[in-house]
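Trainee: Once you've had a glance at the structure underneath, I'll fire off some questions.
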Amino acid sequence: MNKRILDQPVQEYINNHLNDDVHKIAMAKSPFGDVEAKELASQIAAKNKSQRKLPSWYAANNIYYPALLSIEQCSSETTACYKAELVKGNSLIDLTGGFGVDSLYFAKKTATVTHCEINAELSEIAAHNAQVLGQDNISFFTGDGLAWLQETNATFDTIYIDPARRSTAGKVFMLKDCTPNVIEDLDLLLAKSKRIIIKTAPLLDLSAGLKELKNVAEIHIVSTKNEVKELLWVLEKDTVAPVKIKCVTLNEEDKHFTFLKGEEEQTESPILTGPLETYLYEPDAALLKSGAFNLIAKTYGLKKLDTQTQLYTAAVYNNLFPGRIFKINRVITSGELKKEKQLNGNVIVRNYRDKAENLVKKYKIKPDQHQFLLFTQSRTDGYIVIDARIIQHY
């Protein structure tokens with residue numbers, strides 16, 4: 001950590017060049033003897049990345065930014081704020097503290113937080129920024145948090161850990177493929193706390209995670225703008241079945257969809273047997289990740305278009321639904337599609353026989369901000385195209 005970066009002239013330079021080309025800055029001569037050009041470029045790039053993701057950091061003076069990769073991998077303020085609501089008790093240890101976003105929000109909800117980070121520079125940066133942001137109830141430990149946890153007699157009300165996927169892991173991965181390996185150390189974690197929160201990437205399959213873990217009380221599927229950002233696994237020492245699964249959409253208006261494991265298998269979804277009704281419902285990515293396709297229909301009074309088509313229709317508009325809602329203009333059958341001369345709209349493909357990019361080229365579809373063409377399949381009409389106007393984005 002080069003503390004000369006915090007000098008006022010350097011900070012002024014960074015703020016005055018936020019709109020400049022960082023590659024040119026990195027290649028040019030630095031105007032400061034104690035700060036290299038590549039350091040200036042790195043600070044500018046990381047601060048720009050923080051503008052939307054970490055607005056509190058971006059707005060504060062004298063924030064020290066780490067390498068851009070750390071900013072890309074850390075939690076957003078939106079998801080960190082949500083995670084803080086899951087904390088119980090007065091003490092928490094963050095075993096994989098990183099840039100410190102999660103720790104700072106945990107510290108707003110509990111009396112003491114211990115931030116552990118094996119990278120000494122990142123630990124120093126996180127400690128500096130916590131001081132700048134006025135959060136003084138966080139202690140910082142530089143080193144392997146799990147190793148320290150094994151040696152100490154201390155216990156914590158909540159343990160938080162964000163294991164990273166090893167670079168050798170493919171698209172399908174298991175928790176045992178991550179570092180730290182929480183599966184190996186699960187008994188230690190449960191001995192040190194009554195509540196453990198494990199963050200994993202959205203790629204982890206829910207069934208696979210449940211097979212690897214024990215004492216799972218809750219799974220939180222967290223999305224923003226129709227993209228799943230995090231899976232949060234809440235483990236409790238005294239948990240009882242069944243597991244609660246909570247889909248959370250964090251947008252201008254937060255929405256939740258909660259059910260118990262096993263409910264989906266006991267629920268039948270009504271399949272549309274006649275023409276589509278007035279509105280079309282497309283579940284948010286968090287709901288789709290949950291696999292609760294029948295429960296979605298039952299909860300919101302919807303009918304599925306077909307067994308394998310995760311689109312729904314209803315005669316009424318329900319803005320409590322977590323997902324996109326469209327007002328249907330017309331339905332185009334496969335036979336009618338060949339006769340269409342001019343199609344406008346954003347293309348969505350659900351349970352259809354071709355890809356979106358191919359359909360755009362084949363039918364010369366022009367984009368439209370508000371109109372959508374949903375290529376899909378229904379029980380009654382087979383392959384169809386739904387021409388619709390979006391009335392709820394998230």
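Each chain in the structure tokens gets a letter, A, B, ..., in the order shown, and its residues are numbered from 1; ligands are numbered from 1 in order too.
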Under the rule of at most 10 Å, produce a per-residue listing of range 241-260 of chain A near range 70-94 of chain A: chain, number, name, the closest pair of atoms, and the distance in Å, as JSON lines, using only C-alpha atoms.

Mentor:
{"residue": "A:Val248", "atom": "CA", "partner": "A:Tyr82", "partner_atom": "CA", "distance": 9.3}
{"residue": "A:Leu250", "atom": "CA", "partner": "A:Thr78", "partner_atom": "CA", "distance": 7.3}
{"residue": "A:Asn251", "atom": "CA", "partner": "A:Thr78", "partner_atom": "CA", "distance": 8.9}

Trainee: Output the selection as a PDB file, in the first residue's frame - N, CA, C and O atoms for each residue.

Mentor:
ATOM      1  N   VAL A 248     -34.862 -13.521  -3.471  1.00  0.00           N
ATOM      2  CA  VAL A 248     -34.867 -12.099  -3.141  1.00  0.00           C
ATOM      3  C   VAL A 248     -34.447 -11.299  -4.367  1.00  0.00           C
ATOM      4  O   VAL A 248     -33.376 -11.536  -4.928  1.00  0.00           O
ATOM      5  N   LEU A 250     -33.482  -7.588  -5.476  1.00  0.00           N
ATOM      6  CA  LEU A 250     -33.110  -6.290  -4.919  1.00  0.00           C
ATOM      7  C   LEU A 250     -33.041  -5.263  -6.045  1.00  0.00           C
ATOM      8  O   LEU A 250     -32.023  -5.127  -6.728  1.00  0.00           O
ATOM      9  N   ASN A 251     -34.124  -4.547  -6.229  1.00  0.00           N
ATOM     10  CA  ASN A 251     -34.209  -3.525  -7.262  1.00  0.00           C
ATOM     11  C   ASN A 251     -34.766  -2.245  -6.636  1.00  0.00           C
ATOM     12  O   ASN A 251     -34.599  -2.031  -5.442  1.00  0.00           O
TER      13      ASN A 251
END

Trainee: Just the strand (DSSP E) stuff from range 191-281 of chain A, please, per backbone DSSP, written as number ranges by chain.

Mentor: A: 195-200, 216-224, 227-236, 244-249, 255-260, 279-281

Trainee: Give me the residues within 8 Å of Ala201 in chain A as a list in words, counting only C-alpha atoms and dropping any in the same chain fewer than 2 places off.

Mentor: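 My list of contacting residues is Lys199, Leu203, Leu204, Lys229, Glu230 and Leu231 of chain A.
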
Trainee: Compare A:Pro242, A:Gly98, A:Gly33, A:Pro180 by their minimum atom-to-atom distance to Ala217 in chain A, counting only C-alpha atoms, and give me the closest one.

Mentor: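 Ranking A:Pro242, A:Gly98, A:Gly33, A:Pro180 by distance to Ala217 in chain A, first place goes to A:Pro242.
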
Trainee: Using only C-alpha atoms, which of A:Asn351, A:Thr200, A:Ser139, A:Thr309 sits nearest Asp162 in chain A?

Mentor: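 Among the listed residues, the smallest separation from Asp162 in chain A belongs to A:Thr200.
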
Trainee: Find the residues around Gln131 in chain A up to 12 Å (only C-alpha atoms counted), leave out those fewer than 4 positions away in its own chain, and share them as a VMD selection string.

Mentor: chain A and resid 57 60 to 64 100 104 124 to 127 135 to 140

Trainee: Restricting it to all heavy atoms, dump the selection as a short mmCIF file (atom, residue, chain, number, x, y, z; two decimals), in the first residue's frame.

Mentor:
data_model
loop_
_atom_site.label_atom_id
_atom_site.label_comp_id
_atom_site.auth_asym_id
_atom_site.auth_seq_id
_atom_site.Cartn_x
_atom_site.Cartn_y
_atom_site.Cartn_z
N TRP A 57 -18.24 4.32 -1.00
CA TRP A 57 -16.80 4.39 -1.17
C TRP A 57 -16.46 5.47 -2.22
O TRP A 57 -15.56 6.27 -2.02
CB TRP A 57 -16.23 3.04 -1.61
CG TRP A 57 -15.97 2.08 -0.52
CD1 TRP A 57 -14.76 1.70 -0.02
CD2 TRP A 57 -16.94 1.31 0.24
NE1 TRP A 57 -14.90 0.77 0.99
CE2 TRP A 57 -16.24 0.52 1.17
CE3 TRP A 57 -18.32 1.24 0.22
CZ2 TRP A 57 -16.86 -0.33 2.05
CZ3 TRP A 57 -18.96 0.39 1.11
CH2 TRP A 57 -18.24 -0.38 2.02
N ALA A 60 -16.76 9.05 -0.87
CA ALA A 60 -15.92 9.45 0.26
C ALA A 60 -14.55 9.95 -0.22
O ALA A 60 -14.05 9.54 -1.26
CB ALA A 60 -15.74 8.27 1.22
N ASN A 61 -13.95 10.82 0.57
CA ASN A 61 -12.61 11.30 0.28
C ASN A 61 -11.57 10.37 0.87
O ASN A 61 -11.79 9.75 1.92
CB ASN A 61 -12.40 12.71 0.87
CG ASN A 61 -13.30 13.74 0.20
OD1 ASN A 61 -13.51 13.69 -1.01
ND2 ASN A 61 -13.83 14.67 0.98
N ASN A 62 -10.43 10.26 0.19
CA ASN A 62 -9.27 9.49 0.67
C ASN A 62 -9.50 7.99 0.78
O ASN A 62 -8.90 7.31 1.61
CB ASN A 62 -8.78 10.03 2.03
CG ASN A 62 -8.24 11.45 1.91
OD1 ASN A 62 -7.54 11.77 0.95
ND2 ASN A 62 -8.59 12.29 2.86
N ILE A 63 -10.37 7.46 -0.06
CA ILE A 63 -10.51 6.01 -0.17
C ILE A 63 -9.32 5.48 -0.96
O ILE A 63 -8.93 6.05 -1.98
CB ILE A 63 -11.82 5.62 -0.86
CG1 ILE A 63 -13.02 5.96 0.04
CG2 ILE A 63 -11.84 4.14 -1.24
CD1 ILE A 63 -13.13 5.12 1.30
N TYR A 64 -8.75 4.39 -0.46
CA TYR A 64 -7.65 3.73 -1.17
C TYR A 64 -8.21 2.49 -1.86
O TYR A 64 -8.82 1.64 -1.21
CB TYR A 64 -6.55 3.33 -0.19
CG TYR A 64 -5.23 2.96 -0.84
CD1 TYR A 64 -4.15 3.83 -0.76
CD2 TYR A 64 -5.07 1.76 -1.52
CE1 TYR A 64 -2.93 3.50 -1.35
CE2 TYR A 64 -3.87 1.43 -2.11
CZ TYR A 64 -2.80 2.30 -2.03
OH TYR A 64 -1.60 1.98 -2.62
N GLY A 100 -13.47 -5.59 2.21
CA GLY A 100 -14.13 -5.18 3.44
C GLY A 100 -15.54 -4.64 3.32
O GLY A 100 -16.08 -4.10 4.28
N LEU A 104 -17.97 -4.16 6.61
CA LEU A 104 -18.46 -2.85 7.01
C LEU A 104 -19.96 -2.87 7.26
O LEU A 104 -20.45 -2.28 8.22
CB LEU A 104 -18.10 -1.82 5.95
CG LEU A 104 -18.41 -0.37 6.38
CD1 LEU A 104 -17.21 0.54 6.17
CD2 LEU A 104 -19.61 0.18 5.62
N GLU A 124 -4.62 -4.17 4.95
CA GLU A 124 -4.27 -2.80 5.32
C GLU A 124 -5.21 -1.80 4.64
O GLU A 124 -5.64 -0.82 5.25
CB GLU A 124 -2.82 -2.52 4.93
CG GLU A 124 -2.31 -1.17 5.40
CD GLU A 124 -0.86 -0.92 4.98
OE1 GLU A 124 -0.31 -1.73 4.22
OE2 GLU A 124 -0.30 0.10 5.42
N ILE A 125 -5.53 -2.06 3.37
CA ILE A 125 -6.44 -1.19 2.62
C ILE A 125 -7.83 -1.18 3.26
O ILE A 125 -8.45 -0.13 3.45
CB ILE A 125 -6.51 -1.62 1.15
CG1 ILE A 125 -5.19 -1.32 0.44
CG2 ILE A 125 -7.68 -0.93 0.43
CD1 ILE A 125 -5.10 -1.92 -0.95
N ALA A 126 -8.33 -2.37 3.59
CA ALA A 126 -9.66 -2.47 4.21
C ALA A 126 -9.71 -1.74 5.54
O ALA A 126 -10.70 -1.07 5.87
CB ALA A 126 -10.03 -3.94 4.38
N ALA A 127 -8.63 -1.85 6.34
CA ALA A 127 -8.57 -1.18 7.64
C ALA A 127 -8.57 0.34 7.47
O ALA A 127 -9.27 1.06 8.20
CB ALA A 127 -7.34 -1.63 8.41
N GLN A 135 -16.29 3.49 10.55
CA GLN A 135 -16.74 2.26 11.20
C GLN A 135 -15.60 1.75 12.08
O GLN A 135 -14.62 1.18 11.62
CB GLN A 135 -17.09 1.21 10.12
CG GLN A 135 -18.08 0.17 10.60
CD GLN A 135 -19.46 0.74 10.90
OE1 GLN A 135 -20.02 1.47 10.10
NE2 GLN A 135 -20.03 0.41 12.05
N ASP A 136 -15.74 1.98 13.40
CA ASP A 136 -14.63 1.71 14.31
C ASP A 136 -14.79 0.45 15.15
O ASP A 136 -14.02 0.23 16.09
CB ASP A 136 -14.40 2.92 15.23
CG ASP A 136 -15.64 3.29 16.04
OD1 ASP A 136 -16.65 2.56 15.95
OD2 ASP A 136 -15.60 4.30 16.77
N ASN A 137 -15.78 -0.37 14.83
CA ASN A 137 -15.97 -1.60 15.61
C ASN A 137 -15.52 -2.84 14.85
O ASN A 137 -15.99 -3.95 15.10
CB ASN A 137 -17.43 -1.75 16.04
CG ASN A 137 -18.40 -1.80 14.88
OD1 ASN A 137 -18.11 -1.29 13.80
ND2 ASN A 137 -19.55 -2.42 15.07
N ILE A 138 -14.59 -2.65 13.91
CA ILE A 138 -14.02 -3.76 13.15
C ILE A 138 -12.56 -3.92 13.53
O ILE A 138 -11.79 -2.95 13.48
CB ILE A 138 -14.12 -3.54 11.62
CG1 ILE A 138 -15.55 -3.19 11.21
CG2 ILE A 138 -13.63 -4.76 10.87
CD1 ILE A 138 -15.68 -2.81 9.74
N SER A 139 -12.16 -5.13 13.91
CA SER A 139 -10.73 -5.41 14.13
C SER A 139 -10.22 -6.20 12.93
O SER A 139 -10.96 -6.99 12.32
CB SER A 139 -10.54 -6.20 15.42
OG SER A 139 -11.25 -7.43 15.39
N PHE A 140 -8.96 -5.99 12.58
CA PHE A 140 -8.40 -6.56 11.36
C PHE A 140 -7.26 -7.52 11.68
O PHE A 140 -6.31 -7.16 12.38
CB PHE A 140 -7.92 -5.44 10.43
CG PHE A 140 -9.04 -4.60 9.88
CD1 PHE A 140 -9.55 -3.54 10.61
CD2 PHE A 140 -9.62 -4.92 8.66
CE1 PHE A 140 -10.62 -2.79 10.13
CE2 PHE A 140 -10.68 -4.18 8.17
CZ PHE A 140 -11.18 -3.11 8.90
#

Trainee: Expressed in Å to a single decimal, how great is the separation between CA of Leu186 in chain A and CA of Gly97 in chain A?

Mentor: 18.4 Å

Trainee: Do you know which residues are at most 12 Å from Val10 in chain A counting only C-alpha atoms, after dropping those on the same chain fewer than 5 positions away, and could you put them as a list in words?

Mentor: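 Skipping anything fewer than 5 positions along the chain leaves Asn2, Lys3, Arg4, Ile5, Asn15, Asn16, His17, Ser30, Pro31, Phe32, Gly33, Asp34, Val35, Glu36, Ala37, Glu39, Leu40, Ala41, Gln43, Ile44, Asn61, Asn62, Ile63 and Tyr64 of chain A.
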
Trainee: Grab the CA of Leu272 in chain A to CA of Asn294 in chain A distance for me, in Å with one decimal place.

Mentor: 12.8 Å

Trainee: Find the residues around range 263-268 of chain A up to 9 Å (only C-alpha atoms counted), leave out those fewer than 4 positions away in its own chain, and share them as a count of residues only.

Mentor: 8

Trainee: So which residues touch range 354-370 of chain A within 10 Å, counting only C-alpha atoms, skipping near sequence neighbours fewer than 2 positions away, as a list in words?

Mentor: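 Residues near the query, excluding close chain neighbours: Phe326, Leu337, Lys338, Glu340, Lys341, Gln342, Leu343, Asn344, Gly345, Asn346, Val347, Ile348, Val349, Arg350, Asn351, Tyr352, Phe372, Leu373, Leu374, Phe375, Thr376, Ala388, Arg389, Ile390 and Ile391 of chain A.
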
Trainee: Any idea what the distance is between CA of Gln392 in chain A and CA of Leu288 in chain A?

Mentor: 17.4 Å

Trainee: Which residue out of A:Ala286, A:Val316, A:Leu95, A:Leu280 has the minimum interatomic distance to Ala164 in chain A when only C-alpha atoms are used?

Mentor: A:Leu95

Trainee: Going by DSSP on the backbone, which residues of range 231-332 of chain A come out as alpha helix (DSSP H)? List them as a list in words.

Mentor: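 The residues of range 231-332 of chain A classed as alpha helix (DSSP H) are Ala285, Ala286, Leu287, Leu288, Lys289, Ser290, Phe293, Asn294, Leu295, Ile296, Ala297, Lys298, Thr299 and Tyr300 of chain A.
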
Trainee: Would you export the selected residues with N, CA and C atoms as a PDB file, in the first residue's frame, please?

Mentor:
ATOM      1  N   ALA A 285     -34.780 -14.213 -12.451  1.00  0.00           N
ATOM      2  CA  ALA A 285     -33.759 -15.262 -12.462  1.00  0.00           C
ATOM      3  C   ALA A 285     -33.650 -15.967 -11.114  1.00  0.00           C
ATOM      4  N   ALA A 286     -33.887 -15.255 -10.007  1.00  0.00           N
ATOM      5  CA  ALA A 286     -33.825 -15.882  -8.682  1.00  0.00           C
ATOM      6  C   ALA A 286     -34.903 -16.951  -8.528  1.00  0.00           C
ATOM      7  N   LEU A 287     -36.107 -16.684  -9.027  1.00  0.00           N
ATOM      8  CA  LEU A 287     -37.190 -17.663  -8.967  1.00  0.00           C
ATOM      9  C   LEU A 287     -36.871 -18.868  -9.840  1.00  0.00           C
ATOM     10  N   LEU A 288     -36.326 -18.607 -11.021  1.00  0.00           N
ATOM     11  CA  LEU A 288     -35.978 -19.715 -11.916  1.00  0.00           C
ATOM     12  C   LEU A 288     -34.891 -20.591 -11.297  1.00  0.00           C
ATOM     13  N   LYS A 289     -33.930 -19.963 -10.623  1.00  0.00           N
ATOM     14  CA  LYS A 289     -32.858 -20.720  -9.967  1.00  0.00           C
ATOM     15  C   LYS A 289     -33.425 -21.645  -8.887  1.00  0.00           C
ATOM     16  N   SER A 290     -34.492 -21.228  -8.246  1.00  0.00           N
ATOM     17  CA  SER A 290     -35.076 -22.021  -7.162  1.00  0.00           C
ATOM     18  C   SER A 290     -35.721 -23.305  -7.654  1.00  0.00           C
ATOM     19  N   PHE A 293     -41.228 -23.994  -9.977  1.00  0.00           N
ATOM     20  CA  PHE A 293     -42.049 -23.544 -11.102  1.00  0.00           C
ATOM     21  C   PHE A 293     -43.547 -23.702 -10.849  1.00  0.00           C
ATOM     22  N   ASN A 294     -43.941 -24.746 -10.152  1.00  0.00           N
ATOM     23  CA  ASN A 294     -45.362 -24.939  -9.841  1.00  0.00           C
ATOM     24  C   ASN A 294     -45.832 -23.995  -8.743  1.00  0.00           C
ATOM     25  N   LEU A 295     -44.977 -23.781  -7.758  1.00  0.00           N
ATOM     26  CA  LEU A 295     -45.326 -22.882  -6.661  1.00  0.00           C
ATOM     27  C   LEU A 295     -45.484 -21.441  -7.134  1.00  0.00           C
ATOM     28  N   ILE A 296     -44.679 -21.057  -8.129  1.00  0.00           N
ATOM     29  CA  ILE A 296     -44.817 -19.705  -8.688  1.00  0.00           C
ATOM     30  C   ILE A 296     -46.245 -19.502  -9.194  1.00  0.00           C
ATOM     31  N   ALA A 297     -46.731 -20.479  -9.958  1.00  0.00           N
ATOM     32  CA  ALA A 297     -48.091 -20.385 -10.506  1.00  0.00           C
ATOM     33  C   ALA A 297     -49.131 -20.328  -9.394  1.00  0.00           C
ATOM     34  N   LYS A 298     -48.995 -21.196  -8.406  1.00  0.00           N
ATOM     35  CA  LYS A 298     -49.970 -21.253  -7.318  1.00  0.00           C
ATOM     36  C   LYS A 298     -49.964 -19.958  -6.504  1.00  0.00           C
ATOM     37  N   THR A 299     -48.772 -19.448  -6.191  1.00  0.00           N
ATOM     38  CA  THR A 299     -48.655 -18.269  -5.326  1.00  0.00           C
ATOM     39  C   THR A 299     -49.266 -17.027  -5.957  1.00  0.00           C
ATOM     40  N   TYR A 300     -49.068 -16.870  -7.264  1.00  0.00           N
ATOM     41  CA  TYR A 300     -49.495 -15.626  -7.921  1.00  0.00           C
ATOM     42  C   TYR A 300     -50.730 -15.812  -8.817  1.00  0.00           C
TER      43      TYR A 300
END

Trainee: May I ask which of the residues A:Lys211, A:His220, A:Asp238, A:Ala67 is the closest one to Ala191 in chain A, counting only C-alpha atoms?

Mentor: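 Comparing A:Lys211, A:His220, A:Asp238, A:Ala67 against Ala191 in chain A, the winner is A:Asp238.
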
Trainee: Pick out the closest residue to Ile197 in chain A from this set: A:Lys237, A:Lys255, A:Lys29, A:Lys261. Count only C-alpha atoms.

Mentor: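 Counting only C-alpha atoms, the residue closest to Ile197 in chain A is A:Lys237.
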